[in-house]
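Heads up, upload-v4.csv below (CSV, C-alpha atoms):
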chain,number,residue,atom,x,y,z
A,1,MET,CA,57.9,170.9,131.4
A,2,ALA,CA,59.8,174.2,131.3
A,3,ARG,CA,57.2,175.8,129.1
A,4,ILE,CA,54.5,174.9,131.6
A,5,VAL,CA,56.4,176.6,134.5
A,6,ILE,CA,56.9,179.7,132.3
A,7,ALA,CA,53.2,179.8,131.5
A,8,ALA,CA,52.3,179.7,135.2
A,9,CYS,CA,54.8,182.5,136.1
A,10,VAL,CA,53.1,184.8,133.5
A,11,PHE,CA,50.1,185.0,135.8
A,12,LEU,CA,52.2,187.1,138.2
A,13,ALA,CA,51.1,189.9,135.9
A,14,LEU,CA,47.5,189.5,137.0
A,15,VAL,CA,47.8,189.1,140.8
A,16,PRO,CA,49.9,191.9,142.4
A,17,GLU,CA,50.4,192.0,146.1
A,18,ALA,CA,48.2,194.5,148.0
A,19,ALA,CA,51.1,195.6,150.2
A,20,LEU,CA,52.9,197.1,147.1
A,21,ALA,CA,50.9,200.3,147.0
A,22,GLY,CA,51.8,203.6,145.3
A,23,GLY,CA,53.4,204.6,142.0
A,24,ILE,CA,53.2,202.1,139.1
A,25,LEU,CA,52.8,199.2,141.4
A,26,GLY,CA,49.8,200.8,143.0
A,27,LYS,CA,48.2,201.2,139.6
A,28,VAL,CA,48.9,197.6,138.7
A,29,GLN,CA,47.2,196.6,142.0
A,30,ALA,CA,44.2,198.8,141.4
A,31,PHE,CA,43.7,197.4,137.9
A,32,TYR,CA,44.0,193.7,138.8
A,33,GLU,CA,42.9,193.3,142.4
A,34,ARG,CA,39.4,192.7,141.2
A,35,THR,CA,40.5,190.4,138.3
A,36,THR,CA,39.3,186.8,138.6
A,37,ASP,CA,39.0,186.0,134.8
A,38,TYR,CA,41.3,186.9,131.9
A,39,LYS,CA,41.4,186.0,128.2
A,40,ALA,CA,43.8,187.4,125.5
A,41,SER,CA,45.6,186.5,122.4
A,42,PHE,CA,49.3,186.2,122.9
A,43,ARG,CA,52.6,186.2,120.9
A,44,GLN,CA,55.5,184.5,122.6
A,45,VAL,CA,59.1,184.9,121.5
A,46,VAL,CA,61.6,182.5,123.1
A,47,ARG,CA,65.4,183.1,122.9
A,48,THR,CA,67.5,180.1,124.0
A,49,SER,CA,71.0,180.7,125.3
A,50,THR,CA,72.6,177.4,124.2
A,51,PRO,CA,72.4,177.0,121.3
A,52,LYS,CA,71.4,180.5,120.4
A,53,ARG,CA,68.0,180.2,118.7
A,54,THR,CA,64.7,182.2,118.5
A,55,PHE,CA,61.3,180.6,118.4
A,56,THR,CA,57.9,182.4,117.9
A,57,ARG,CA,54.6,181.0,119.0
A,58,SER,CA,51.1,182.4,119.3
A,59,GLY,CA,47.6,181.5,120.5
A,60,THR,CA,45.1,182.3,123.2
A,61,VAL,CA,45.5,182.3,126.9
A,62,PHE,CA,42.8,182.0,129.7
A,63,PHE,CA,43.0,182.4,133.4
A,64,LYS,CA,40.4,181.9,136.1
A,65,ARG,CA,40.8,182.0,139.8
A,66,PRO,CA,41.1,179.9,141.8
A,67,GLY,CA,43.7,177.7,140.2
A,68,MET,CA,42.6,177.5,136.5
A,69,MET,CA,44.8,178.2,133.5
A,70,ARG,CA,44.7,177.3,129.8
A,71,TRP,CA,47.2,178.1,127.0
A,72,ASP,CA,46.0,177.2,123.5
A,73,TYR,CA,49.0,177.3,121.2
A,74,LYS,CA,48.0,177.4,117.5
A,75,SER,CA,51.1,178.4,115.7
A,76,PRO,CA,53.5,177.0,114.6
A,77,ASP,CA,52.2,173.8,116.4
A,78,GLU,CA,48.9,173.0,118.0
A,79,VAL,CA,49.7,172.4,121.7
A,80,TYR,CA,47.5,172.8,124.8
A,81,TYR,CA,48.4,173.3,128.4
A,82,VAL,CA,45.3,173.1,130.6
A,83,SER,CA,44.8,173.0,134.4
A,84,ASP,CA,41.7,172.9,136.5
A,85,GLY,CA,43.8,173.4,139.6
A,86,LYS,CA,44.0,169.7,140.3
A,87,ASP,CA,45.4,168.1,137.1
A,88,PHE,CA,47.7,169.8,134.6
A,89,TRP,CA,47.5,168.5,131.1
A,90,SER,CA,50.0,168.9,128.3
A,91,TYR,CA,48.8,167.8,124.9
A,92,ASP,CA,50.7,168.1,121.6
A,93,VAL,CA,48.4,167.3,118.8
A,94,GLU,CA,51.1,166.1,116.4
A,95,GLU,CA,52.8,164.0,119.0
A,96,GLY,CA,49.4,162.3,119.9
A,97,ILE,CA,50.2,162.0,123.6
A,98,ALA,CA,48.5,163.8,126.5
A,99,TYR,CA,50.6,164.1,129.6
A,100,ARG,CA,48.8,164.4,133.0
A,101,LEU,CA,50.5,165.8,136.1
A,102,ARG,CA,48.9,165.9,139.5
A,103,VAL,CA,49.4,169.5,140.6
A,104,GLN,CA,49.7,168.8,144.3
A,105,ASP,CA,52.4,166.1,143.7
A,106,SER,CA,54.6,168.4,141.7
A,107,ASP,CA,56.8,171.6,141.7
A,108,LEU,CA,53.9,173.3,139.9
A,109,VAL,CA,52.3,173.9,143.3
A,110,GLN,CA,54.7,176.8,143.8
A,111,ALA,CA,54.2,178.3,140.4
A,112,LEU,CA,50.4,177.9,140.3
A,113,LYS,CA,49.9,179.4,143.7
A,114,PHE,CA,49.7,182.8,141.9
A,115,LEU,CA,46.4,181.6,140.4
A,116,THR,CA,44.7,180.9,143.7
A,117,ALA,CA,45.3,184.2,145.6
A,118,PRO,CA,47.2,187.4,145.4
A,119,ALA,CA,50.9,186.6,145.7
A,120,ASP,CA,53.1,188.0,148.5
A,121,LEU,CA,55.5,189.6,146.0
A,122,ALA,CA,56.9,192.0,148.6
A,123,ASN,CA,58.3,189.0,150.6
A,124,GLU,CA,59.4,186.9,147.6
A,125,PHE,CA,60.8,189.5,145.2
A,126,ASP,CA,63.0,192.5,144.9
A,127,VAL,CA,61.1,194.8,142.5
A,128,THR,CA,62.9,197.4,140.4
A,129,GLU,CA,61.2,200.0,138.2
A,130,ASP,CA,63.2,200.5,135.0
A,131,PRO,CA,63.0,203.4,132.5
A,132,PRO,CA,60.1,203.2,130.0
A,133,ALA,CA,60.6,200.7,127.2
A,134,ALA,CA,59.0,200.5,123.8
A,135,ALA,CA,55.6,202.1,123.4
A,136,GLY,CA,56.1,203.8,126.8
A,137,LEU,CA,55.6,200.7,128.8
A,138,VAL,CA,57.3,200.7,132.2
A,139,PRO,CA,59.2,197.5,133.1
A,140,LEU,CA,58.9,196.2,136.6
A,141,ARG,CA,61.7,193.7,137.1
A,142,MET,CA,61.1,191.1,139.9
A,143,VAL,CA,64.0,189.0,141.1
A,144,PRO,CA,63.4,186.2,143.7
A,145,LYS,CA,64.9,187.0,147.1
A,146,GLY,CA,65.8,183.4,147.6
A,147,ALA,CA,67.1,180.7,145.2
A,148,HIS,CA,64.4,179.7,142.7
A,149,ARG,CA,65.1,176.7,140.4
A,150,ASN,CA,62.3,177.6,137.9
A,151,PHE,CA,63.3,181.1,136.9
A,152,ARG,CA,65.7,184.0,137.5
A,153,SER,CA,63.4,186.9,137.1
A,154,VAL,CA,59.9,188.0,135.9
A,155,THR,CA,59.5,191.4,134.2
A,156,LEU,CA,56.1,193.1,133.8
A,157,PHE,CA,55.7,195.7,131.1
A,158,VAL,CA,53.0,198.1,132.4
A,159,ASP,CA,51.0,200.9,130.8
A,160,PRO,CA,51.7,203.7,133.3
A,161,ALA,CA,48.4,205.4,132.6
A,162,THR,CA,46.2,202.5,133.4
A,163,GLY,CA,48.3,200.0,135.3
A,164,GLU,CA,47.6,197.2,132.8
A,165,THR,CA,50.3,194.7,132.1
A,166,ARG,CA,50.7,194.4,128.3
A,167,GLU,CA,53.8,192.1,128.2
A,168,THR,CA,55.8,189.8,130.4
A,169,GLU,CA,59.3,188.4,130.2
A,170,VAL,CA,60.6,185.4,132.2
A,171,VAL,CA,64.3,184.4,132.4
A,172,ASP,CA,64.9,180.8,133.4
A,173,PRO,CA,67.9,179.5,135.4
A,174,VAL,CA,70.1,178.8,132.3
A,175,GLY,CA,69.4,182.2,130.6
A,176,ASN,CA,66.6,181.3,128.2
A,177,VAL,CA,64.2,184.2,127.8
A,178,SER,CA,60.4,184.0,127.1
A,179,HIS,CA,58.8,187.2,126.1
A,180,VAL,CA,55.0,187.3,125.9
A,181,ARG,CA,52.8,190.1,124.5
A,182,PHE,CA,49.1,190.1,125.2
A,183,GLU,CA,46.5,191.5,122.7
A,184,GLY,CA,42.8,192.1,123.0
A,185,PRO,CA,42.4,191.3,126.7
A,186,SER,CA,39.0,190.5,128.1
A,187,PHE,CA,38.0,190.3,131.8
A,188,THR,CA,34.5,188.9,131.5
A,189,PRO,CA,33.7,185.8,133.5
A,190,LEU,CA,34.8,182.5,131.9
A,191,PRO,CA,33.0,179.2,132.4
A,192,ALA,CA,34.9,176.7,134.6
A,193,SER,CA,34.1,174.0,132.0
A,194,GLY,CA,36.6,175.6,129.7
A,195,PHE,CA,39.4,174.5,132.0
A,196,ALA,CA,38.4,170.8,131.9
A,197,PHE,CA,40.4,168.6,129.5
A,198,THR,CA,39.4,165.3,128.0
A,199,PRO,CA,41.9,163.6,125.8
A,200,PRO,CA,40.5,163.0,122.3
A,201,ALA,CA,39.7,159.5,121.3
A,202,GLY,CA,42.8,157.5,120.4
A,203,VAL,CA,45.2,159.8,122.2
A,204,ARG,CA,47.5,158.0,124.6
A,205,VAL,CA,47.6,159.3,128.2
A,206,GLN,CA,50.9,159.3,130.1
A,207,GLU,CA,51.0,160.0,133.8
A,208,ILE,CA,54.0,162.2,134.9
A,209,GLY,CA,55.5,161.5,138.3
A,210,LYS,CA,54.2,158.0,138.7

As structure tokens - that is how I would like this structure written.
Amino acid sequence: MARIVIAACVFLALVPEAALAGGILGKVQAFYERTTDYKASFRQVVRTSTPKRTFTRSGTVFFKRPGMMRWDYKSPDEVYYVSDGKDFWSYDVEEGIAYRLRVQDSDLVQALKFLTAPADLANEFDVTEDPPAAAGLVPLRMVPKGAHRNFRSVTLFVDPATGETRETEVVDPVGNVSHVRFEGPSFTPLPASGFAFTPPAGVRVQEIGK
């Protein structure tokens, strides 16, 4: 379920805390405080610490507040992560099994709270603005103030002119790094029906946590 938690953490890029005003953070806030819907193509590069390996994946991501998220991985494998805020589905087409997790009965409550309302980042994270990275994007590195068993840090790579987050990077507790680059973002309203998942005929459903 680690990839699911990382996917949820990426939504931090879209819901900045209103208390963090001024500078780059103020621009991020102004850009996204009105954002309730988001769609983009993505390219994800995962670097594992032990053993040292690199994986590249790509697809389309969708977010809709409150509580809805969908990641459609198309390459190299067809995998879906879908949540309507109540149930979280993980479906690997090749595996032929759809896993269902009740959000309220899991650790995903903490991760998915960023989908329901602006996160209180000022209370939960120490935020550091680093020197501009590639393409002039400014990294905002956020480290949890308390112990967090799902990730060590989340970094947003922000366009300083517009406040738009173009990339995110999540480091998990064992040092694995997931870097996601978004392309062709759209903020037009998305239908809630797109976040409902029905397992295809013949696919076995396995309940997680029961």

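Between atom CA of A:Glu167 and atom CA of A:His179 there is a distance of 7.3 Å.
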
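Coordinates place atom CA of A:Val170 at a distance of 6.9 Å from atom CA of A:Phe151.
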
| Which residue, A:Phe42, A:Ala196, A:Gly136, A:Val154, has the smallest gap to A:Tyr81 when you use all atoms listed in the file? | A:Ala196

| query | Which of these, A:Val174, A:Met142, A:Ala192, A:Val45, has the shortest distance to A:Val127 once you count all atoms listed in the file? | reply | A:Met142

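In terms of minimum interatomic distance to A:Pro199, A:Ile97 ranks closest within A:Ile24, A:Leu137, A:Val143, A:Ile97, counting all atoms listed in the file.
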
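For A:Trp89, the set of protein, DNA and RNA residues having any atom at most 7 Å away, when counting all atoms listed in the file and skipping those fewer than 4 positions along the same chain, is A:Tyr81, A:Val82, A:Ser83, A:Ala98, A:Tyr99, A:Arg100, A:Leu101.
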
Please work out which residues fall within 12 Å of (46.6, 172.7, 125.6), coordinates as given in the file, with all atoms listed in the file counting, and return them as a PDB file with C-alpha atoms, keeping the file's coordinate frame.
ATOM      1  CA  ARG A   3      57.200 175.800 129.100  1.00  0.00           C
ATOM      2  CA  ILE A   4      54.500 174.900 131.600  1.00  0.00           C
ATOM      3  CA  ALA A   7      53.200 179.800 131.500  1.00  0.00           C
ATOM      4  CA  GLY A  59      47.600 181.500 120.500  1.00  0.00           C
ATOM      5  CA  THR A  60      45.100 182.300 123.200  1.00  0.00           C
ATOM      6  CA  VAL A  61      45.500 182.300 126.900  1.00  0.00           C
ATOM      7  CA  PHE A  62      42.800 182.000 129.700  1.00  0.00           C
ATOM      8  CA  MET A  69      44.800 178.200 133.500  1.00  0.00           C
ATOM      9  CA  ARG A  70      44.700 177.300 129.800  1.00  0.00           C
ATOM     10  CA  TRP A  71      47.200 178.100 127.000  1.00  0.00           C
ATOM     11  CA  ASP A  72      46.000 177.200 123.500  1.00  0.00           C
ATOM     12  CA  TYR A  73      49.000 177.300 121.200  1.00  0.00           C
ATOM     13  CA  LYS A  74      48.000 177.400 117.500  1.00  0.00           C
ATOM     14  CA  ASP A  77      52.200 173.800 116.400  1.00  0.00           C
ATOM     15  CA  GLU A  78      48.900 173.000 118.000  1.00  0.00           C
ATOM     16  CA  VAL A  79      49.700 172.400 121.700  1.00  0.00           C
ATOM     17  CA  TYR A  80      47.500 172.800 124.800  1.00  0.00           C
ATOM     18  CA  TYR A  81      48.400 173.300 128.400  1.00  0.00           C
ATOM     19  CA  VAL A  82      45.300 173.100 130.600  1.00  0.00           C
ATOM     20  CA  SER A  83      44.800 173.000 134.400  1.00  0.00           C
ATOM     21  CA  ASP A  84      41.700 172.900 136.500  1.00  0.00           C
ATOM     22  CA  PHE A  88      47.700 169.800 134.600  1.00  0.00           C
ATOM     23  CA  TRP A  89      47.500 168.500 131.100  1.00  0.00           C
ATOM     24  CA  SER A  90      50.000 168.900 128.300  1.00  0.00           C
ATOM     25  CA  TYR A  91      48.800 167.800 124.900  1.00  0.00           C
ATOM     26  CA  ASP A  92      50.700 168.100 121.600  1.00  0.00           C
ATOM     27  CA  VAL A  93      48.400 167.300 118.800  1.00  0.00           C
ATOM     28  CA  ILE A  97      50.200 162.000 123.600  1.00  0.00           C
ATOM     29  CA  ALA A  98      48.500 163.800 126.500  1.00  0.00           C
ATOM     30  CA  TYR A  99      50.600 164.100 129.600  1.00  0.00           C
ATOM     31  CA  ARG A 100      48.800 164.400 133.000  1.00  0.00           C
ATOM     32  CA  GLY A 194      36.600 175.600 129.700  1.00  0.00           C
ATOM     33  CA  PHE A 195      39.400 174.500 132.000  1.00  0.00           C
ATOM     34  CA  ALA A 196      38.400 170.800 131.900  1.00  0.00           C
ATOM     35  CA  PHE A 197      40.400 168.600 129.500  1.00  0.00           C
ATOM     36  CA  THR A 198      39.400 165.300 128.000  1.00  0.00           C
ATOM     37  CA  PRO A 199      41.900 163.600 125.800  1.00  0.00           C
ATOM     38  CA  PRO A 200      40.500 163.000 122.300  1.00  0.00           C
TER      39      PRO A 200
END

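All residues of protein, DNA or RNA that reach within 7 Å of A:Thr165, judged by only C-alpha atoms and not counting those fewer than 5 positions away in the chain, are Ala13, Leu156, Phe157, Val158 and Asp159 of chain A.
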
| request: Identify which of the residues A:Ser75, A:Arg34, A:Gln44, A:Arg166 lies closest to A:Ala134, counting all atoms listed in the file when measuring atom-to-atom distances. | output: A:Arg166

| query | Could you tell me, as JSON, numbers by chain, which residues have any atom at most 10 Å from (51.7, 205.7, 136.0), counting all atoms listed in the file? | reply | {"A": [22, 23, 24, 25, 26, 27, 28, 137, 138, 158, 159, 160, 161, 162, 163, 164]}

| task | Work out how far apart atom CA of A:Thr128 and atom CA of A:Val171 are and give it in Å to one decimal. | result | 15.3 Å

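Among the candidates A:Ala135, A:Val46, A:Val203, A:Leu140, the residue lying nearest to A:Glu95 is A:Val203 (atoms considered: all atoms listed in the file).
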
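Distances here use only C-alpha atoms; by that measure, the residue among A:Ala30, A:Arg152, A:Ile208, A:Pro131 closest to A:Arg102 is A:Ile208.
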